[in-house]
>>> print(open('start_10.txt').read())   # compact mmCIF, C-alpha atoms and all ligand atoms
# COMPACT_ATOMS: atom_id res chain seq x y z
CA MET E 6 -26.09 18.22 23.81
CA THR E 7 -24.00 20.81 25.67
CA LYS E 8 -22.79 22.08 22.30
CA LEU E 9 -26.28 23.07 21.28
CA SER E 10 -27.23 26.72 21.38
CA ASP E 11 -28.88 28.19 24.47
CA ARG E 12 -31.71 29.08 22.12
CA ILE E 13 -32.60 25.49 21.35
CA LYS E 14 -31.85 24.31 24.88
CA ASN E 15 -34.33 26.82 26.26
CA LEU E 16 -37.00 25.93 23.70
CA ALA E 17 -39.69 23.57 24.95
CA GLU E 18 -40.88 20.82 22.62
CA SER E 19 -44.38 21.35 21.19
CA GLN E 20 -46.48 19.36 23.65
CA THR E 21 -49.29 18.76 21.18
CA LEU E 22 -46.87 17.22 18.73
CA ALA E 23 -45.00 15.39 21.50
CA MET E 24 -48.22 13.75 22.69
CA ALA E 25 -49.16 12.82 19.11
CA LYS E 26 -45.70 11.27 18.68
CA LYS E 27 -46.01 9.33 21.91
CA SER E 28 -49.42 7.94 20.86
CA ARG E 29 -48.04 6.86 17.48
CA GLU E 30 -45.16 5.07 19.22
CA LEU E 31 -47.51 3.25 21.58
CA GLN E 32 -49.79 2.36 18.65
CA SER E 33 -46.84 0.94 16.72
CA GLN E 34 -46.07 -1.27 19.73
CA GLY E 35 -49.55 -2.72 19.30
CA LYS E 36 -51.30 -0.69 22.02
CA ASP E 37 -54.89 0.23 21.34
CA ILE E 38 -54.51 3.99 21.92
CA ILE E 39 -57.22 6.48 21.03
CA SER E 40 -55.37 9.69 20.23
CA LEU E 41 -57.30 12.85 20.94
CA SER E 42 -54.11 14.81 21.37
CA ILE E 43 -53.49 16.57 18.10
CA GLY E 44 -55.80 19.21 16.69
CA GLU E 45 -56.36 17.93 13.21
CA PRO E 46 -59.58 17.32 11.27
CA ASP E 47 -60.10 13.63 10.47
CA PHE E 48 -61.79 14.53 7.16
CA ASN E 49 -60.06 14.16 3.84
CA THR E 50 -59.19 17.26 1.84
CA PRO E 51 -62.11 17.89 -0.56
CA ASP E 52 -61.63 16.33 -4.00
CA PHE E 53 -61.74 19.59 -5.98
CA ILE E 54 -58.75 20.83 -3.99
CA LYS E 55 -56.80 17.64 -4.53
CA GLU E 56 -57.53 17.84 -8.26
CA ALA E 57 -55.98 21.33 -8.38
CA ALA E 58 -52.79 19.93 -6.87
CA LYS E 59 -52.63 17.10 -9.41
CA LYS E 60 -53.12 19.60 -12.19
CA ALA E 61 -50.36 21.80 -10.77
CA ILE E 62 -47.94 18.89 -10.96
CA ASP E 63 -48.95 18.06 -14.54
CA ASN E 64 -48.62 21.72 -15.49
CA ASN E 65 -45.13 21.80 -13.99
CA VAL E 66 -45.93 24.34 -11.29
CA THR E 67 -42.96 22.81 -9.55
CA ARG E 68 -40.44 25.61 -9.31
CA TYR E 69 -39.72 28.23 -6.67
CA THR E 70 -42.65 30.60 -6.35
CA PRO E 71 -42.29 34.26 -5.36
CA VAL E 72 -41.29 34.28 -1.69
CA ALA E 73 -44.54 35.98 -0.64
CA GLY E 74 -46.67 33.48 -2.56
CA ILE E 75 -48.06 32.98 -6.06
CA LEU E 76 -49.66 36.25 -7.16
CA GLU E 77 -52.97 34.61 -8.10
CA LEU E 78 -53.21 33.10 -4.62
CA ARG E 79 -52.41 36.38 -2.90
CA LYS E 80 -55.12 38.06 -4.97
CA ALA E 81 -57.59 35.29 -4.11
CA ILE E 82 -56.78 35.68 -0.40
CA SER E 83 -57.34 39.42 -0.74
CA GLU E 84 -60.79 38.64 -2.19
CA LYS E 85 -61.45 36.12 0.57
CA PHE E 86 -60.70 38.71 3.26
CA LYS E 87 -63.20 41.04 1.59
CA ARG E 88 -65.81 38.36 1.02
CA ASP E 89 -65.76 36.74 4.47
CA ASN E 90 -64.32 39.27 6.87
CA ASN E 91 -65.03 42.71 5.47
CA LEU E 92 -61.27 43.36 5.47
CA ASN E 93 -59.40 45.31 2.83
CA TYR E 94 -55.96 43.85 2.34
CA SER E 95 -54.44 44.36 -1.10
CA PHE E 96 -52.40 41.46 -2.47
CA ASP E 97 -49.13 43.10 -1.39
CA GLN E 98 -50.30 43.05 2.23
CA ILE E 99 -50.61 39.28 2.11
CA ILE E 100 -47.82 36.79 2.74
CA VAL E 101 -48.36 33.08 2.18
CA SER E 102 -46.31 30.81 4.45
CA THR E 103 -45.71 27.19 5.34
CA GLY E 104 -48.68 26.98 7.70
CA ALA E 105 -50.17 29.55 10.05
CA LYS E 106 -47.49 28.40 12.48
CA GLN E 107 -44.82 29.91 10.26
CA SER E 108 -46.95 33.00 9.66
CA ILE E 109 -47.03 33.62 13.40
CA ALA E 110 -43.30 32.95 13.78
CA ASN E 111 -42.54 35.36 10.92
CA VAL E 112 -44.52 38.13 12.60
CA ILE E 113 -43.15 37.59 16.09
CA LEU E 114 -39.55 37.36 14.87
CA SER E 115 -40.06 40.45 12.70
CA MET E 116 -41.66 42.57 15.41
CA VAL E 117 -40.41 41.62 18.87
CA ASN E 118 -37.10 42.88 20.25
CA PRO E 119 -35.28 41.26 23.18
CA GLY E 120 -36.90 42.29 26.45
CA GLU E 121 -40.17 43.46 24.92
CA GLU E 122 -43.34 42.04 26.39
CA VAL E 123 -45.97 40.10 24.50
CA ILE E 124 -49.35 39.62 26.15
CA VAL E 125 -50.90 36.20 25.78
CA PRO E 126 -54.27 35.35 27.35
CA ILE E 127 -54.48 31.95 29.06
CA PRO E 128 -55.29 29.40 27.78
CA TYR E 129 -53.08 29.92 24.75
CA TRP E 130 -52.01 27.81 21.83
CA VAL E 131 -48.76 26.01 22.65
CA SER E 132 -46.48 27.63 20.09
CA TYR E 133 -47.10 31.29 20.96
CA ILE E 134 -45.00 31.31 24.11
CA GLU E 135 -42.05 29.41 22.70
CA THR E 136 -41.92 31.58 19.59
CA ILE E 137 -41.94 34.72 21.75
CA LYS E 138 -39.08 33.23 23.76
CA LEU E 139 -37.17 32.48 20.54
CA ALA E 140 -37.44 36.18 19.73
CA GLU E 141 -36.12 36.85 23.28
CA GLY E 142 -39.36 38.58 24.15
CA ASN E 143 -41.05 38.16 27.52
CA PRO E 144 -44.47 36.50 27.48
CA VAL E 145 -46.93 38.14 29.88
CA THR E 146 -50.02 36.04 30.49
CA ILE E 147 -53.53 37.04 31.52
CA PRO E 148 -55.49 34.41 33.45
CA THR E 149 -59.10 33.61 32.58
CA SER E 150 -61.59 31.09 33.93
CA ILE E 151 -64.53 28.96 32.91
CA GLU E 152 -66.75 31.63 34.49
CA SER E 153 -65.56 34.21 31.93
CA ASN E 154 -65.74 31.56 29.19
CA PHE E 155 -61.94 31.80 29.08
CA LYS E 156 -62.09 35.29 27.58
CA ILE E 157 -60.22 38.38 28.76
CA THR E 158 -61.92 41.66 29.57
CA PRO E 159 -60.76 45.10 28.37
CA ASP E 160 -59.92 45.92 31.96
CA GLN E 161 -57.64 42.90 32.30
CA LEU E 162 -55.93 43.83 29.06
CA LYS E 163 -55.36 47.40 30.18
CA LYS E 164 -53.83 46.25 33.45
CA ALA E 165 -51.39 43.93 31.63
CA ILE E 166 -50.01 46.66 29.36
CA THR E 167 -46.71 48.27 30.39
CA PRO E 168 -44.32 50.61 28.55
CA LYS E 169 -42.52 47.47 27.34
CA THR E 170 -45.56 45.84 25.76
CA LYS E 171 -45.13 45.27 22.03
CA MET E 172 -47.86 42.84 21.06
CA ILE E 173 -50.83 40.76 22.02
CA VAL E 174 -51.34 37.29 20.56
CA PHE E 175 -54.67 35.49 20.80
CA SER E 176 -56.94 33.17 18.84
CA THR E 177 -60.65 33.35 18.12
CA PRO E 178 -62.14 30.76 17.96
CA CYS E 179 -59.63 29.78 20.63
CA ASN E 180 -57.45 26.73 20.75
CA PRO E 181 -57.82 25.16 23.35
CA SER E 182 -60.97 26.64 24.97
CA GLY E 183 -63.16 26.95 21.86
CA SER E 184 -64.19 30.43 23.03
CA VAL E 185 -65.27 32.88 20.38
CA TYR E 186 -65.09 36.66 20.81
CA ASN E 187 -68.16 38.44 19.45
CA LYS E 188 -68.11 41.80 17.68
CA GLU E 189 -68.76 43.90 20.79
CA GLU E 190 -66.06 42.11 22.78
CA LEU E 191 -63.52 42.61 20.01
CA LYS E 192 -64.46 46.26 19.68
CA ALA E 193 -63.99 46.78 23.40
CA LEU E 194 -60.51 45.23 23.24
CA ALA E 195 -59.68 47.33 20.15
CA GLU E 196 -60.64 50.46 22.09
CA VAL E 197 -58.01 49.61 24.69
CA ILE E 198 -55.35 48.73 22.12
CA ILE E 199 -55.74 52.00 20.26
CA GLN E 200 -54.84 53.97 23.36
CA TYR E 201 -51.25 52.67 23.08
CA PRO E 202 -49.57 53.88 19.89
CA ASP E 203 -46.86 51.20 19.84
CA LEU E 204 -49.03 48.18 20.50
CA TYR E 205 -49.78 45.51 17.85
CA VAL E 206 -51.97 42.43 17.83
CA ILE E 207 -51.79 39.05 16.17
CA SER E 208 -55.36 37.91 15.67
CA ASP E 209 -55.13 34.18 14.95
CA GLU E 210 -58.30 33.24 13.10
CA ILE E 211 -57.27 29.81 11.83
CA TYR E 212 -60.51 28.26 13.20
CA GLU E 213 -62.72 30.80 11.42
CA TYR E 214 -64.78 28.19 9.62
CA ILE E 215 -65.21 25.98 12.67
CA ASN E 216 -67.62 28.26 14.44
CA PHE E 217 -70.98 26.99 15.70
CA GLY E 218 -72.63 30.24 16.64
CA GLU E 219 -72.82 33.64 15.11
CA LYS E 220 -70.75 34.82 12.18
CA HIS E 221 -66.99 34.91 12.65
CA GLU E 222 -65.74 38.39 13.53
CA SER E 223 -62.26 39.74 12.75
CA LEU E 224 -60.50 42.25 14.99
CA ALA E 225 -59.11 44.23 12.03
CA GLN E 226 -62.63 45.10 10.81
CA PHE E 227 -62.62 48.18 13.07
CA ASP E 228 -60.96 50.86 10.97
CA PHE E 229 -59.49 52.63 13.97
CA VAL E 230 -57.38 49.58 14.88
CA TYR E 231 -56.75 48.10 11.39
CA GLU E 232 -53.18 49.44 11.21
CA ARG E 233 -52.28 47.61 14.43
CA VAL E 234 -53.57 44.17 13.55
CA ILE E 235 -51.96 41.22 11.82
CA THR E 236 -54.69 38.81 10.78
CA VAL E 237 -53.51 35.20 10.63
CA ASN E 238 -55.45 32.51 8.82
CA GLY E 239 -54.84 29.45 6.69
CA VAL E 240 -56.37 26.38 5.11
CA SER E 241 -55.30 23.70 7.63
CA LYS E 242 -58.39 23.53 9.78
CA GLY E 243 -61.42 24.68 7.80
CA TYR E 244 -60.52 22.75 4.64
CA ALA E 245 -58.92 19.72 6.32
CA MET E 246 -55.53 20.55 4.81
CA THR E 247 -53.12 20.25 7.74
CA GLY E 248 -50.48 18.37 5.75
CA TRP E 249 -50.41 20.82 2.85
CA ARG E 250 -48.83 23.45 5.10
CA ILE E 251 -50.36 26.70 3.89
CA GLY E 252 -51.09 29.67 6.13
CA TYR E 253 -51.15 33.38 5.49
CA ILE E 254 -51.31 36.85 6.99
CA GLY E 255 -53.02 40.08 6.05
CA ALA E 256 -51.11 42.96 7.62
CA PRO E 257 -49.94 46.56 7.21
CA LYS E 258 -47.58 46.48 4.23
CA TRP E 259 -44.44 47.26 6.22
CA ILE E 260 -45.08 44.21 8.41
CA ALA E 261 -45.89 42.03 5.38
CA ASP E 262 -42.61 43.19 3.77
CA ALA E 263 -40.67 42.23 6.89
CA CYS E 264 -42.25 38.77 6.90
CA GLU E 265 -41.35 38.33 3.25
CA LYS E 266 -37.74 39.19 4.06
CA MET E 267 -37.71 36.75 7.00
CA GLN E 268 -39.20 33.96 4.94
CA GLY E 269 -36.81 34.68 2.07
CA GLN E 270 -34.03 33.52 4.38
CA PHE E 271 -35.89 30.66 6.05
CA THR E 272 -37.96 28.79 3.44
CA SER E 273 -38.03 30.72 0.12
CA GLY E 274 -41.82 30.45 0.37
CA ALA E 275 -44.40 27.70 0.63
CA ALA E 276 -44.61 24.63 -1.63
CA SER E 277 -45.82 25.50 -5.14
CA ILE E 278 -48.25 22.57 -5.41
CA SER E 279 -49.80 23.30 -2.02
CA GLN E 280 -50.26 26.92 -3.04
CA MET E 281 -52.19 25.87 -6.14
CA ALA E 282 -54.39 23.62 -3.98
CA ALA E 283 -54.95 26.45 -1.49
CA LEU E 284 -55.95 28.72 -4.36
CA GLU E 285 -58.93 26.49 -5.13
CA ALA E 286 -59.84 26.35 -1.44
CA VAL E 287 -59.90 30.11 -0.86
CA LYS E 288 -61.68 30.80 -4.16
CA ALA E 289 -64.49 28.34 -3.39
CA ASN E 290 -67.70 29.32 -1.71
CA PRO E 291 -67.10 28.80 2.04
CA SER E 292 -70.18 26.56 2.06
CA VAL E 293 -67.79 23.74 1.11
CA THR E 294 -66.64 23.81 4.73
CA PHE E 295 -70.10 23.69 6.30
CA GLU E 296 -70.53 19.93 6.26
CA MET E 297 -67.36 19.49 8.31
CA ARG E 298 -68.35 22.30 10.66
CA ASP E 299 -71.75 20.70 11.24
CA ALA E 300 -70.13 17.35 11.96
CA PHE E 301 -67.83 19.02 14.50
CA LYS E 302 -70.81 20.64 16.20
CA LYS E 303 -72.60 17.29 16.47
CA ARG E 304 -69.49 15.76 17.99
CA ARG E 305 -69.09 18.63 20.43
CA ASP E 306 -72.65 18.11 21.64
CA LEU E 307 -72.13 14.36 21.89
CA VAL E 308 -68.95 14.70 23.94
CA LEU E 309 -70.36 17.40 26.23
CA ASN E 310 -73.33 15.15 26.87
CA LEU E 311 -71.25 12.06 27.55
CA MET E 312 -68.90 14.00 29.80
CA LYS E 313 -71.80 14.92 32.07
CA ASP E 314 -71.57 11.36 33.39
CA ILE E 315 -67.98 11.81 34.52
CA PRO E 316 -67.90 13.14 38.07
CA GLY E 317 -65.99 16.34 38.70
CA LEU E 318 -65.39 17.56 35.15
CA LYS E 319 -66.40 21.19 34.61
CA THR E 320 -66.52 22.63 31.10
CA ASN E 321 -67.49 25.75 29.21
CA ILE E 322 -69.50 25.33 26.03
CA PRO E 323 -67.01 25.83 23.22
CA GLY E 324 -68.41 28.03 20.45
CA GLY E 325 -65.86 26.92 17.87
CA ALA E 326 -62.67 24.96 17.04
CA PHE E 327 -62.74 21.26 17.97
CA TYR E 328 -61.55 21.05 21.54
CA ILE E 329 -63.06 20.66 24.97
CA PHE E 330 -60.98 21.99 27.83
CA PRO E 331 -62.47 20.63 31.06
CA ASP E 332 -61.35 21.64 34.54
CA ILE E 333 -60.02 18.48 36.21
CA THR E 334 -59.02 19.81 39.65
CA TYR E 335 -61.57 17.45 41.26
CA TYR E 336 -59.04 14.67 40.68
CA PHE E 337 -56.05 16.44 42.23
CA GLY E 338 -54.87 14.71 45.40
CA LYS E 339 -56.42 11.38 44.36
CA SER E 340 -54.41 8.19 43.75
CA PHE E 341 -54.48 4.75 42.13
CA ASN E 342 -51.59 2.26 42.59
CA ASN E 343 -48.44 4.25 41.86
CA TYR E 344 -50.29 7.15 40.30
CA HIS E 345 -50.67 10.25 42.48
CA ILE E 346 -52.45 13.04 40.66
CA LYS E 347 -51.03 16.45 41.49
CA ASN E 348 -51.45 18.27 38.18
CA SER E 349 -52.76 18.09 34.63
CA ASN E 350 -49.67 16.30 33.40
CA ASP E 351 -50.07 13.52 35.98
CA LEU E 352 -53.69 13.14 34.94
CA SER E 353 -53.00 13.01 31.21
CA MET E 354 -50.25 10.39 31.78
CA PHE E 355 -52.62 8.38 33.95
CA ILE E 356 -55.37 8.48 31.32
CA LEU E 357 -52.88 7.51 28.63
CA GLU E 358 -51.22 4.65 30.48
CA GLU E 359 -54.24 3.29 32.35
CA GLY E 360 -57.02 4.23 29.93
CA ASN E 361 -55.27 4.23 26.54
CA VAL E 362 -56.58 7.68 25.62
CA ALA E 363 -54.10 10.40 24.65
CA LEU E 364 -55.05 13.97 25.64
CA VAL E 365 -52.88 17.04 26.19
CA SER E 366 -52.35 18.41 29.69
CA GLY E 367 -53.58 21.94 30.29
CA ASP E 368 -50.19 23.21 31.40
CA ALA E 369 -49.14 23.11 27.71
CA PHE E 370 -51.73 25.85 27.25
CA GLY E 371 -50.90 27.72 30.44
CA ASP E 372 -53.74 26.32 32.57
CA ASP E 373 -52.72 23.43 34.77
CA ASN E 374 -56.29 22.98 36.06
CA CYS E 375 -57.52 21.69 32.72
CA ILE E 376 -56.90 19.04 30.10
CA ARG E 377 -57.47 19.31 26.34
CA PHE E 378 -59.63 16.82 24.52
CA SER E 379 -59.75 17.10 20.70
CA TYR E 380 -63.03 15.84 19.26
CA ALA E 381 -61.88 15.85 15.64
CA THR E 382 -62.65 12.18 15.18
CA SER E 383 -65.65 9.93 14.59
CA GLU E 384 -68.61 9.69 16.96
CA ASN E 385 -67.88 6.00 17.63
CA ILE E 386 -64.31 6.70 18.62
CA LEU E 387 -65.37 9.64 20.75
CA THR E 388 -67.98 7.53 22.55
CA GLU E 389 -65.39 4.85 23.27
CA ALA E 390 -62.84 7.47 24.39
CA VAL E 391 -65.20 9.07 26.90
CA LYS E 392 -66.18 5.61 28.19
CA ARG E 393 -62.51 4.78 28.75
CA MET E 394 -61.94 8.11 30.46
CA LYS E 395 -64.88 7.57 32.75
CA GLU E 396 -63.77 4.06 33.74
CA THR E 397 -60.18 5.17 34.24
CA LEU E 398 -61.00 8.25 36.31
CA ALA E 399 -63.33 6.12 38.46
CA LYS E 400 -60.26 4.19 39.68
CA LEU E 401 -58.89 7.28 41.42
CA ASN E 402 -59.70 7.91 45.04
N1 LIG M 1 -52.92 28.67 15.42
C1 LIG M 1 -53.67 27.82 16.15
C2 LIG M 1 -54.53 28.40 17.22
C3 LIG M 1 -53.65 26.45 15.91
O1 LIG M 1 -54.38 25.62 16.64
C4 LIG M 1 -52.82 25.95 14.90
C5 LIG M 1 -52.84 24.47 14.70
N2 LIG M 1 -51.92 23.86 14.07
C6 LIG M 1 -52.05 26.87 14.15
C7 LIG M 1 -52.12 28.21 14.45
C8 LIG M 1 -51.12 26.46 13.05
O2 LIG M 1 -51.77 25.95 11.96
P1 LIG M 1 -51.01 25.48 10.66
O3 LIG M 1 -51.31 24.02 10.51
O4 LIG M 1 -51.61 26.28 9.55
O5 LIG M 1 -49.56 25.76 10.82
N1 LIG M 2 -52.70 23.14 16.24
C1 LIG M 2 -52.84 21.74 16.46
C2 LIG M 2 -52.93 21.45 17.93
O1 LIG M 2 -52.99 22.35 18.71
C3 LIG M 2 -51.80 20.94 15.73
C4 LIG M 2 -50.50 20.69 16.43
C5 LIG M 2 -49.59 21.85 16.40
O2 LIG M 2 -49.43 22.45 15.34
O3 LIG M 2 -49.06 22.15 17.45
O4 LIG M 2 -52.99 20.31 18.30
>>> encode(input="start_10.txt", output="structure tokens")
Amino acid sequence: MTKLSDRIKNLAESQTLAMAKKSRELQSQGKDIISLSIGEPDFNTPDFIKEAAKKAIDNNVTRYTPVAGILELRKAISEKFKRDNNLNYSFDQIIVSTGAKQSIANVILSMVNPGEEVIVPIPYWVSYIETIKLAEGNPVTIPTSIESNFKITPDQLKKAITPKTKMIVFSTPCNPSGSVYNKEELKALAEVIIQYPDLYVISDEIYEYINFGEKHESLAQFDFVYERVITVNGVSKGYAMTGWRIGYIGAPKWIADACEKMQGQFTSGAASISQMAALEAVKANPSVTFEMRDAFKKRRDLVLNLMKDIPGLKTNIPGGAFYIFPDITYYFGKSFNNYHIKNSNDLSMFILEEGNVALVSGDAFGDDNCIRFSYATSENILTEAVKRMKETLAKLN
């Protein structure tokens, strides 16, 4: 252990994955755990996508691909950006990676120097902060609240920027709050960003297709800020393809080139068969994702409704993704047997051990007042999970 590098010693384990692992272990011991910890659609990958993968194997698309991705896929992603997001990225501005997670790591490791600051609005997705730390950057967080629907204002952004600021990283729709920035809000943030010539933004749009309100809006659509934005997307969430591990960026070419170089040393590129499957996904009419989106919306409404019966939980109404991020401070200071609830971690452990429901504590996302509940599972399971939560929380006083 002591022989390990400081780098790995200082790296926190991904808490979403840690909670998923813990639930699997408890399940394998025969415990009836409902796991709402990991953010992963419960749907199967659509058949036409699976067929493309089978064909790729039969056609021997089984060798190393170009590091940046199969040309046909990069061209299809370029078309997708035009079709869905009004973004002009030529194929050589696109890098295909082993999941959006690697896309983000490529960009952060390619851009951030030791000591540079990276602004991350709270609540944030777990891996942003740790990846910034790996790059020896300093994460600088901006707090938000349910009242602001967990979104930052241009004024807050401006105040967080210092001469050391290199980047901003955020997601819309947001994991874990489900908040979606509309066009005006993005434009207002872009107008701040453009005042600082050395400032870049990672706009993580992996939940693009899981959006219950207006059309998805991309930050890079504003020409005046296009050169400063790295747009991250992928097939994991919208197409129920988490295990295929395909994500991608559209970025200024010099940034894309740097990511290609990084990935050439780390992975040699994403799996050939997964790339051929992703090609079918991005080429298809996005309407293939609508059925899943509609199911997620129904589940969101169901869970929000059921949660109204649990005293003390306060929530925003998530506009996208598949998470609810309730404020649970009502339960702080309460106890049951040996459980004394002081923070979100205590509460998630209590709900897991006493109620057999696995959630992720808000501190993993930078907000210790909340807890994350993923509703990417069936309505029956969700109904049972909320019932268990209600009964378990009722034991605290
Ligand atoms: N960004 C966000 C906000 C996410 O929730 C996830 C979930 N895994 C990712 C990126 C990474 O996705 P992928 O499975 O494509 O690596
Ligand atoms: N993004 C998902 C989540 O937040 C998957 C787990 C992960 O990649 O960390 O649960």
>>> closest_residue(input="start_10.txt", among="E:Thr388, E:Gln270, E:Ser132, E:Ser277", to="Ala17 of chain E", atoms="only C-alpha atoms")
E:Ser132
>>> residues_around(input="start_10.txt", residues="Leu357 of chain E", least_positions_apart="2", cutoff="12 Å", atoms="only C-alpha atoms", output="ChimeraX atom specification")
/E:24-25,27-28,31-32,36-42,344,350-355,359-366,390,393-394,397-398
>>> closest_atom_pairs(input="start_10.txt", of="chain E", to="ligand LIG 1 (chain M)", cutoff="9 Å", atoms="only C-alpha atoms and all ligand atoms", output="Markdown table")
| residue | atom | partner | partner_atom | distance |
| --- | --- | --- | --- | --- |
| E:Ile43 | CA | M:LIG1 | N2 | 8.5 |
| E:Gly44 | CA | M:LIG1 | C5 | 6.4 |
| E:Glu45 | CA | M:LIG1 | N2 | 7.5 |
| E:Ser102 | CA | M:LIG1 | O4 | 8.6 |
| E:Thr103 | CA | M:LIG1 | O5 | 6.8 |
| E:Gly104 | CA | M:LIG1 | O5 | 3.5 |
| E:Ala105 | CA | M:LIG1 | O4 | 3.6 |
| E:Lys106 | CA | M:LIG1 | O5 | 3.7 |
| E:Gln107 | CA | M:LIG1 | O5 | 6.3 |
| E:Ser108 | CA | M:LIG1 | O5 | 7.8 |
| E:Ile109 | CA | M:LIG1 | C7 | 7.5 |
| E:Tyr129 | CA | M:LIG1 | C2 | 7.8 |
| E:Trp130 | CA | M:LIG1 | C2 | 5.3 |
| E:Val131 | CA | M:LIG1 | O1 | 8.2 |
| E:Ser132 | CA | M:LIG1 | C7 | 8.0 |
| E:Tyr133 | CA | M:LIG1 | N1 | 8.5 |
| E:Phe175 | CA | M:LIG1 | C2 | 7.9 |
| E:Ser176 | CA | M:LIG1 | C2 | 5.6 |
| E:Thr177 | CA | M:LIG1 | C2 | 7.9 |
| E:Pro178 | CA | M:LIG1 | C2 | 8.0 |
| E:Cys179 | CA | M:LIG1 | C2 | 6.3 |
| E:Asn180 | CA | M:LIG1 | C2 | 4.9 |
| E:Pro181 | CA | M:LIG1 | O1 | 7.6 |
| E:Asp209 | CA | M:LIG1 | N1 | 6.0 |
| E:Glu210 | CA | M:LIG1 | C2 | 7.4 |
| E:Ile211 | CA | M:LIG1 | N1 | 5.8 |
| E:Tyr212 | CA | M:LIG1 | C2 | 7.2 |
| E:Val237 | CA | M:LIG1 | C7 | 8.1 |
| E:Asn238 | CA | M:LIG1 | O4 | 7.4 |
| E:Gly239 | CA | M:LIG1 | O4 | 5.4 |
| E:Val240 | CA | M:LIG1 | O4 | 6.5 |
| E:Ser241 | CA | M:LIG1 | O4 | 4.9 |
| E:Lys242 | CA | M:LIG1 | O3 | 7.1 |
| E:Met246 | CA | M:LIG1 | O3 | 7.9 |
| E:Thr247 | CA | M:LIG1 | O3 | 5.0 |
| E:Gly248 | CA | M:LIG1 | O3 | 7.4 |
| E:Trp249 | CA | M:LIG1 | O3 | 8.4 |
| E:Arg250 | CA | M:LIG1 | O4 | 6.0 |
| E:Ile251 | CA | M:LIG1 | O4 | 5.8 |
| E:Gly252 | CA | M:LIG1 | O4 | 4.8 |
| E:Tyr253 | CA | M:LIG1 | O4 | 8.2 |
| E:Ala326 | CA | M:LIG1 | O1 | 8.3 |
>>> axis_aligned_box(input="start_10.txt", around="ligand LIG 2 (chain M)", padding_each_side="3 Å", output="JSON")
{"center_x": -51.0, "center_y": 21.7, "center_z": 17.0, "size_x": 9.9, "size_y": 8.8, "size_z": 9.4}
>>> residues_around(input="start_10.txt", residues="Asn49 of chain E", least_positions_apart="5", cutoff="10 Å", atoms="only C-alpha atoms", output="PyMOL selection string")
chain E and resi 55+244-246
>>> residues_near_point(input="start_10.txt", point="(-64.7, 21.6, 36.3)", cutoff="6 Å", atoms="only C-alpha atoms", output="PyMOL selection string")
chain E and resi 317-320+331-333
>>> residues_around(input="start_10.txt", residues="Ser153 of chain E", least_positions_apart="5", cutoff="10 Å", atoms="only C-alpha atoms", output="list in words")
Thr158, Ser184 and Asn321 of chain E
>>> build_atoms(input="start_10.txt", residues="segment 324-332 of chain E", atoms="N, CA, C and O atoms", output="PDB file, keeping the file's coordinate frame")
ATOM      1  N   GLY E 324     -67.645  27.497  21.592  1.00  0.00           N
ATOM      2  CA  GLY E 324     -68.410  28.030  20.450  1.00  0.00           C
ATOM      3  C   GLY E 324     -67.782  27.714  19.111  1.00  0.00           C
ATOM      4  O   GLY E 324     -68.397  27.922  18.069  1.00  0.00           O
ATOM      5  N   GLY E 325     -66.532  27.226  19.133  1.00  0.00           N
ATOM      6  CA  GLY E 325     -65.860  26.920  17.870  1.00  0.00           C
ATOM      7  C   GLY E 325     -64.647  26.049  18.104  1.00  0.00           C
ATOM      8  O   GLY E 325     -64.442  25.539  19.211  1.00  0.00           O
ATOM      9  N   ALA E 326     -63.833  25.880  17.055  1.00  0.00           N
ATOM     10  CA  ALA E 326     -62.670  24.960  17.040  1.00  0.00           C
ATOM     11  C   ALA E 326     -63.162  23.529  17.319  1.00  0.00           C
ATOM     12  O   ALA E 326     -64.356  23.253  17.187  1.00  0.00           O
ATOM     13  N   PHE E 327     -62.248  22.629  17.700  1.00  0.00           N
ATOM     14  CA  PHE E 327     -62.740  21.260  17.970  1.00  0.00           C
ATOM     15  C   PHE E 327     -62.096  20.669  19.215  1.00  0.00           C
ATOM     16  O   PHE E 327     -61.579  19.571  19.196  1.00  0.00           O
ATOM     17  N   TYR E 328     -62.141  21.484  20.275  1.00  0.00           N
ATOM     18  CA  TYR E 328     -61.550  21.050  21.540  1.00  0.00           C
ATOM     19  C   TYR E 328     -62.525  21.281  22.689  1.00  0.00           C
ATOM     20  O   TYR E 328     -63.319  22.218  22.657  1.00  0.00           O
ATOM     21  N   ILE E 329     -62.381  20.396  23.701  1.00  0.00           N
ATOM     22  CA  ILE E 329     -63.060  20.660  24.970  1.00  0.00           C
ATOM     23  C   ILE E 329     -61.943  20.742  26.006  1.00  0.00           C
ATOM     24  O   ILE E 329     -60.957  19.994  25.930  1.00  0.00           O
ATOM     25  N   PHE E 330     -62.081  21.672  26.926  1.00  0.00           N
ATOM     26  CA  PHE E 330     -60.980  21.990  27.830  1.00  0.00           C
ATOM     27  C   PHE E 330     -61.502  21.931  29.274  1.00  0.00           C
ATOM     28  O   PHE E 330     -61.620  22.950  29.945  1.00  0.00           O
ATOM     29  N   PRO E 331     -61.846  20.713  29.745  1.00  0.00           N
ATOM     30  CA  PRO E 331     -62.470  20.630  31.060  1.00  0.00           C
ATOM     31  C   PRO E 331     -61.505  20.901  32.216  1.00  0.00           C
ATOM     32  O   PRO E 331     -60.322  20.576  32.132  1.00  0.00           O
ATOM     33  N   ASP E 332     -62.072  21.465  33.276  1.00  0.00           N
ATOM     34  CA  ASP E 332     -61.350  21.640  34.540  1.00  0.00           C
ATOM     35  C   ASP E 332     -61.345  20.273  35.233  1.00  0.00           C
ATOM     36  O   ASP E 332     -62.384  19.628  35.368  1.00  0.00           O
TER      37      ASP E 332
END
